[in-house]
Amino acid sequence: MKNSAKPMRGKICMVTGATSGIGLATARALARMGATTIVVGRNPQKCERVSKRIRAETENPEIEWMLADLSCQKDILCLAEQFKARYDRLDVLVNNAGARFLTRCTTVDGIEMTLSLNHLAYFMLCQLTLEQLKASGGGRIVNVASEAHRGATINFDDIQYAESYVGKQAYSQSKLANILFTYELAGRLNNSGVTVNAMAPGNVFTHFSRNNGWISWAKHVVSSLLARNLVGPNKGADTVVYLATAPEADNVSGKYFINRKQVPSSPASYDQENSKRLWDVSLRLTTPQTGARNQYVASSKSI
């Protein structure tokens with residue numbers, strides 16, 4: 001019988017962007033519930049330090065870290081292979097890592113950074129761990145999105161904003177992409193035993209936007225304080241943990257959540273033609289550079 005004090009004992013969970021903010025709060029909460037928790041980050045020293053901290057705070061020795069820069073597609077492939085070499089199943093995948101960039105930059109794969117990190121990383125990691133999620137007999141995927149998706153559209157004519165880059169628009173597009181992807185994946189995974197949902201954490205006081213400099217981060221914090229909607233990382237992670245663990249979420253898939261409640265996302269997020277178009281664009285952007293086509297190209301039709 002499952003220990004009621006440790007309801008996630010025996011479960012294997014992976015959390016990206018888990019060395020700070022919402023990701024750290026999520027990893028800590030899952031570890032406290034007894035889960036074997038894989039902390040994913042890009043800085044080995046920080047990963048080691050955070051993992052030790054979580055072990056000490058939760059008295060759970062089953063904390064491991066894996067290294068990946070999720071803007072690099074080869075790193076995502078290596079992360080998936082490293083995971084598969086250690087584990088034969090995955091109960092929970094939390095796609096959380098993301099950022100906003102005020103100026104346009106590209107990844108080592110030559111892809112615009114916002115799209116690559118905030119959307120394509122979700123897309124690839126879901127695909128590359130799908131076999132292990134299915135093997136769990138009830139795998140759950142939680143995609144961290146944002147209310148910033150409202151009012152956004154997918155600029156299919158210039159999805160990487162090569163012609164005219166506006167950081168806010170690129171970020172909002174990537175968050176809309178998270179939700180379109182979630183709904184499309186849920187449909188493709190119907191009757192597979194794997195569920196996928198998206199959520200918005202709210203305006204969370206973290207290091208988010210600090211990559212753009214202290215002034216930009218301070219402006220973000222001040223505007224949030226003036227709006228009186230700033231919350232801490234634990235509150236921001238609460239709905240993530242709920243979707244990852246709650247028994248009542250067992251068979252819920254293809255939904256958008258705020259504060260543990262299903263809410264409608266923007267009208268644009270329900271455009272099935274655009275969700276399929278985004279899927280195909282995502283396949284084209286992720287397969288040529290990595291050689292991943294043989295691993296999941298079939299998913300362009302069904303999973």
# chains A, B, ... in the order shown; residues from 1 in each chain; ligands from 1
call {"tool": "residues_around", "arguments": {"residues": "range 190-197 of chain A", "least_positions_apart": "2", "cutoff": "10 Å", "atoms": "only C-alpha atoms", "output": "CSV table (one decimal) with N, CA and C atoms, in the first residue's frame"}}
result
chain,number,residue,atom,x,y,z
A,91,ASP,N,7.2,8.7,-14.7
A,91,ASP,CA,5.8,8.9,-14.3
A,91,ASP,C,5.4,10.4,-14.5
A,92,VAL,N,6.3,11.3,-14.3
A,92,VAL,CA,6.0,12.7,-14.5
A,92,VAL,C,7.1,13.5,-15.2
A,93,LEU,N,6.7,14.2,-16.2
A,93,LEU,CA,7.7,15.1,-16.9
A,93,LEU,C,7.1,16.6,-16.7
A,94,VAL,N,7.9,17.4,-16.1
A,94,VAL,CA,7.5,18.8,-15.9
A,94,VAL,C,8.4,19.6,-16.8
A,126,CYS,N,9.3,15.8,-24.7
A,126,CYS,CA,8.1,15.0,-24.7
A,126,CYS,C,8.2,13.8,-25.7
A,130,LEU,N,8.7,9.7,-24.5
A,130,LEU,CA,7.3,9.2,-24.6
A,130,LEU,C,7.2,7.7,-24.3
A,133,LEU,N,7.2,7.4,-20.6
A,133,LEU,CA,6.0,7.9,-20.1
A,133,LEU,C,4.9,6.8,-20.2
A,134,LYS,N,4.8,6.2,-21.4
A,134,LYS,CA,3.8,5.2,-21.6
A,134,LYS,C,4.1,4.0,-20.7
A,135,ALA,N,5.4,3.6,-20.5
A,135,ALA,CA,5.7,2.5,-19.7
A,135,ALA,C,5.3,2.6,-18.2
A,136,SER,N,5.1,3.9,-17.8
A,136,SER,CA,4.7,4.1,-16.4
A,136,SER,C,3.3,3.6,-16.1
A,137,GLY,N,2.5,3.5,-17.2
A,137,GLY,CA,1.1,3.1,-17.0
A,137,GLY,C,0.2,4.2,-16.6
A,138,GLY,N,0.7,5.4,-16.7
A,138,GLY,CA,-0.1,6.6,-16.3
A,138,GLY,C,0.7,7.8,-16.2
A,139,GLY,N,1.6,8.0,-17.2
A,139,GLY,CA,2.5,9.1,-17.2
A,139,GLY,C,1.8,10.4,-17.3
A,140,ARG,N,2.3,11.4,-16.7
A,140,ARG,CA,1.8,12.8,-16.8
A,140,ARG,C,2.8,13.8,-17.3
A,141,ILE,N,2.4,14.6,-18.2
A,141,ILE,CA,3.2,15.7,-18.7
A,141,ILE,C,2.6,17.0,-18.2
A,142,VAL,N,3.3,17.9,-17.6
A,142,VAL,CA,2.9,19.2,-17.2
A,142,VAL,C,3.7,20.3,-17.9
A,143,ASN,N,3.1,21.1,-18.7
A,143,ASN,CA,3.8,22.1,-19.5
A,143,ASN,C,3.5,23.5,-18.8
A,144,VAL,N,4.5,24.2,-18.4
A,144,VAL,CA,4.4,25.5,-17.8
A,144,VAL,C,4.2,26.5,-18.9
A,145,ALA,N,3.1,27.1,-19.0
A,145,ALA,CA,2.8,28.2,-20.0
A,145,ALA,C,2.7,29.5,-19.3
A,178,ASN,N,3.1,26.7,-26.4
A,178,ASN,CA,3.0,25.7,-25.3
A,178,ASN,C,1.6,25.1,-25.2
A,179,ILE,N,0.6,26.0,-25.3
A,179,ILE,CA,-0.7,25.5,-25.2
A,179,ILE,C,-1.3,24.8,-26.4
A,181,PHE,N,0.6,23.2,-28.5
A,181,PHE,CA,1.3,21.9,-28.4
A,181,PHE,C,0.6,21.0,-27.4
A,182,THR,N,0.3,21.5,-26.3
A,182,THR,CA,-0.4,20.7,-25.2
A,182,THR,C,-1.7,20.1,-25.8
A,183,TYR,N,-2.5,20.9,-26.4
A,183,TYR,CA,-3.8,20.4,-26.9
A,183,TYR,C,-3.6,19.4,-28.0
A,184,GLU,N,-2.7,19.7,-28.9
A,184,GLU,CA,-2.4,18.7,-30.0
A,184,GLU,C,-1.9,17.4,-29.5
A,185,LEU,N,-0.9,17.5,-28.6
A,185,LEU,CA,-0.3,16.3,-28.1
A,185,LEU,C,-1.4,15.4,-27.3
A,186,ALA,N,-2.2,16.1,-26.6
A,186,ALA,CA,-3.3,15.4,-25.8
A,186,ALA,C,-4.2,14.6,-26.8
A,187,GLY,N,-4.5,15.2,-27.9
A,187,GLY,CA,-5.3,14.5,-28.9
A,187,GLY,C,-4.6,13.3,-29.5
A,188,ARG,N,-3.3,13.4,-29.7
A,188,ARG,CA,-2.5,12.3,-30.3
A,188,ARG,C,-2.3,11.2,-29.3
A,199,MET,N,-0.4,24.9,-17.7
A,199,MET,CA,-0.8,25.7,-16.6
A,199,MET,C,-0.1,27.0,-16.7
A,240,VAL,N,1.4,23.2,-10.7
A,240,VAL,CA,2.3,22.2,-11.3
A,240,VAL,C,2.2,20.9,-10.5
A,243,LEU,N,-1.1,19.1,-10.7
A,243,LEU,CA,-1.3,18.3,-11.9
A,243,LEU,C,-0.4,17.1,-12.0
A,244,ALA,N,0.7,17.1,-11.3
A,244,ALA,CA,1.7,16.0,-11.3
A,244,ALA,C,1.3,14.9,-10.4
A,249,ALA,N,-6.7,14.2,-11.0
A,249,ALA,CA,-6.1,14.6,-12.3
A,249,ALA,C,-5.7,13.5,-13.1
A,250,ASP,N,-6.0,12.2,-12.6
A,250,ASP,CA,-5.5,11.0,-13.3
A,250,ASP,C,-5.9,11.0,-14.8
A,251,ASN,N,-7.1,11.3,-15.1
A,251,ASN,CA,-7.6,11.1,-16.4
A,251,ASN,C,-7.9,12.4,-17.1
A,252,VAL,N,-7.4,13.5,-16.6
A,252,VAL,CA,-7.6,14.8,-17.2
A,252,VAL,C,-6.4,15.1,-18.1
A,253,SER,N,-6.8,15.5,-19.3
A,253,SER,CA,-5.8,15.8,-20.4
A,253,SER,C,-6.3,16.8,-21.3
A,254,GLY,N,-5.3,17.6,-21.9
A,254,GLY,CA,-5.6,18.6,-22.8
A,254,GLY,C,-6.4,19.8,-22.3
A,255,LYS,N,-6.0,20.2,-21.0
A,255,LYS,CA,-6.6,21.3,-20.4
A,255,LYS,C,-5.6,22.3,-19.9
A,256,TYR,N,-6.1,23.5,-19.6
A,256,TYR,CA,-5.3,24.6,-19.1
A,256,TYR,C,-5.8,25.0,-17.7
A,257,PHE,N,-4.8,25.2,-16.8
A,257,PHE,CA,-5.1,25.4,-15.4
A,257,PHE,C,-4.5,26.6,-14.9
A,262,GLN,N,-9.5,24.3,-13.9
A,262,GLN,CA,-9.5,24.4,-15.4
A,262,GLN,C,-10.1,25.7,-15.8
A,302,SER,N,0.5,10.3,-35.9
A,302,SER,CA,-0.1,9.7,-34.7
A,302,SER,C,1.0,9.2,-33.8
A,303,ILE,N,0.6,9.1,-32.5
A,303,ILE,CA,1.5,8.7,-31.5
A,303,ILE,C,0.9,7.4,-30.8
call {"tool": "select_by_dssp", "arguments": {"residues": "range 6-249 of chain A", "states": "strand (DSSP E)", "output": "NGL selection string"}}
result
:A and (12-16 or 36-41 or 63-67 or 92-95 or 140-144 or 195-199 or 203-204 or 230-231)
call {"tool": "select_by_dssp", "arguments": {"residues": "range 22-126 of chain A", "states": "alpha helix (DSSP H)", "output": "ChimeraX atom specification"}}
result
/A:22-32,44-58,73-86,113-115,121-126
call {"tool": "write_last_selection", "arguments": {"atoms": "C-alpha atoms", "output": "PDB file, in the first residue's frame"}}
result
ATOM      1  CA  ILE A  22       9.184  27.404  -9.868  1.00  0.00           C
ATOM      2  CA  GLY A  23      11.273  24.446 -10.994  1.00  0.00           C
ATOM      3  CA  LEU A  24      13.119  24.234  -7.690  1.00  0.00           C
ATOM      4  CA  ALA A  25       9.881  24.584  -5.719  1.00  0.00           C
ATOM      5  CA  THR A  26       8.308  21.828  -7.831  1.00  0.00           C
ATOM      6  CA  ALA A  27      11.269  19.467  -7.446  1.00  0.00           C
ATOM      7  CA  ARG A  28      11.344  20.041  -3.702  1.00  0.00           C
ATOM      8  CA  ALA A  29       7.621  19.372  -3.347  1.00  0.00           C
ATOM      9  CA  LEU A  30       7.799  16.166  -5.370  1.00  0.00           C
ATOM     10  CA  ALA A  31      10.819  14.993  -3.385  1.00  0.00           C
ATOM     11  CA  ARG A  32       9.016  15.745  -0.132  1.00  0.00           C
ATOM     12  CA  PRO A  44      26.730  21.341 -12.910  1.00  0.00           C
ATOM     13  CA  GLN A  45      27.800  23.128  -9.731  1.00  0.00           C
ATOM     14  CA  LYS A  46      24.338  24.581  -9.229  1.00  0.00           C
ATOM     15  CA  CYS A  47      22.681  21.243 -10.005  1.00  0.00           C
ATOM     16  CA  GLU A  48      24.847  19.488  -7.416  1.00  0.00           C
ATOM     17  CA  ARG A  49      24.255  22.184  -4.811  1.00  0.00           C
ATOM     18  CA  VAL A  50      20.488  22.211  -5.324  1.00  0.00           C
ATOM     19  CA  SER A  51      20.260  18.416  -5.286  1.00  0.00           C
ATOM     20  CA  LYS A  52      22.114  18.247  -1.977  1.00  0.00           C
ATOM     21  CA  ARG A  53      19.838  20.933  -0.584  1.00  0.00           C
ATOM     22  CA  ILE A  54      16.686  19.071  -1.635  1.00  0.00           C
ATOM     23  CA  ARG A  55      17.989  15.800  -0.156  1.00  0.00           C
ATOM     24  CA  ALA A  56      18.699  17.523   3.152  1.00  0.00           C
ATOM     25  CA  GLU A  57      15.412  19.447   3.301  1.00  0.00           C
ATOM     26  CA  THR A  58      13.196  16.502   2.334  1.00  0.00           C
ATOM     27  CA  GLN A  73      19.047  20.111 -29.319  1.00  0.00           C
ATOM     28  CA  LYS A  74      22.004  17.744 -28.925  1.00  0.00           C
ATOM     29  CA  ASP A  75      21.855  18.348 -25.173  1.00  0.00           C
ATOM     30  CA  ILE A  76      18.164  17.405 -25.174  1.00  0.00           C
ATOM     31  CA  LEU A  77      18.965  14.207 -27.045  1.00  0.00           C
ATOM     32  CA  CYS A  78      21.760  13.422 -24.599  1.00  0.00           C
ATOM     33  CA  LEU A  79      19.474  14.116 -21.638  1.00  0.00           C
ATOM     34  CA  ALA A  80      16.860  11.712 -22.981  1.00  0.00           C
ATOM     35  CA  GLU A  81      19.491   9.036 -23.631  1.00  0.00           C
ATOM     36  CA  GLN A  82      21.017   9.486 -20.182  1.00  0.00           C
ATOM     37  CA  PHE A  83      17.595   9.130 -18.614  1.00  0.00           C
ATOM     38  CA  LYS A  84      16.778   6.006 -20.642  1.00  0.00           C
ATOM     39  CA  ALA A  85      20.067   4.426 -19.597  1.00  0.00           C
ATOM     40  CA  ARG A  86      19.100   4.820 -15.924  1.00  0.00           C
ATOM     41  CA  MET A 113      16.337  31.496 -28.684  1.00  0.00           C
ATOM     42  CA  THR A 114      12.824  32.164 -27.336  1.00  0.00           C
ATOM     43  CA  LEU A 115      11.155  29.705 -29.662  1.00  0.00           C
ATOM     44  CA  ALA A 121      12.588  22.003 -25.910  1.00  0.00           C
ATOM     45  CA  TYR A 122       9.138  20.984 -24.600  1.00  0.00           C
ATOM     46  CA  PHE A 123       8.312  19.445 -27.962  1.00  0.00           C
ATOM     47  CA  MET A 124      11.520  17.419 -28.191  1.00  0.00           C
ATOM     48  CA  LEU A 125      11.672  16.197 -24.604  1.00  0.00           C
ATOM     49  CA  CYS A 126       8.072  14.993 -24.690  1.00  0.00           C
TER      50      CYS A 126
END
call {"tool": "closest_residue", "arguments": {"among": "A:Ser116, A:Cys72, A:Gly17, A:Thr129", "to": "Asp88 in chain A", "atoms": "only C-alpha atoms"}}
result
A:Thr129
call {"tool": "closest_residue", "arguments": {"among": "A:Val281, A:Val241, A:Met14, A:Ala177", "to": "Arg89 in chain A", "atoms": "only C-alpha atoms"}}
result
A:Met14
call {"tool": "closest_residue", "arguments": {"among": "A:Cys105, A:Ile111, A:Ile258, A:Ile63", "to": "Ile159 in chain A", "atoms": "only C-alpha atoms"}}
result
A:Ile111
call {"tool": "residues_around", "arguments": {"residues": "Asn274 in chain A", "least_positions_apart": "3", "cutoff": "8 Å", "atoms": "only C-alpha atoms", "output": "number ranges by chain"}}
result
A: 154, 180, 271, 277-278
call {"tool": "write_last_selection", "arguments": {"atoms": "C-alpha atoms", "output": "PDB file, in the first residue's frame"}}
result
ATOM      1  CA  ILE A 154       1.706  32.280 -34.177  1.00  0.00           C
ATOM      2  CA  LEU A 180      -1.321  24.678 -28.818  1.00  0.00           C
ATOM      3  CA  ASP A 271      -7.252  26.611 -33.497  1.00  0.00           C
ATOM      4  CA  ARG A 277       0.713  23.435 -38.532  1.00  0.00           C
ATOM      5  CA  LEU A 278       2.837  24.270 -35.489  1.00  0.00           C
TER       6      LEU A 278
END
call {"tool": "closest_residue", "arguments": {"among": "A:Thr239, A:Thr19, A:Thr107, A:Asn259", "to": "Leu120 in chain A", "atoms": "only C-alpha atoms"}}
result
A:Thr107
call {"tool": "atom_distance", "arguments": {"atom1": "CA of Asn203 in chain A", "atom2": "CA of Leu176 in chain A"}}
result
16.7 Å
call {"tool": "atom_distance", "arguments": {"atom1": "CA of Gln169 in chain A", "atom2": "CA of Thr103 in chain A"}}
result
11.5 Å
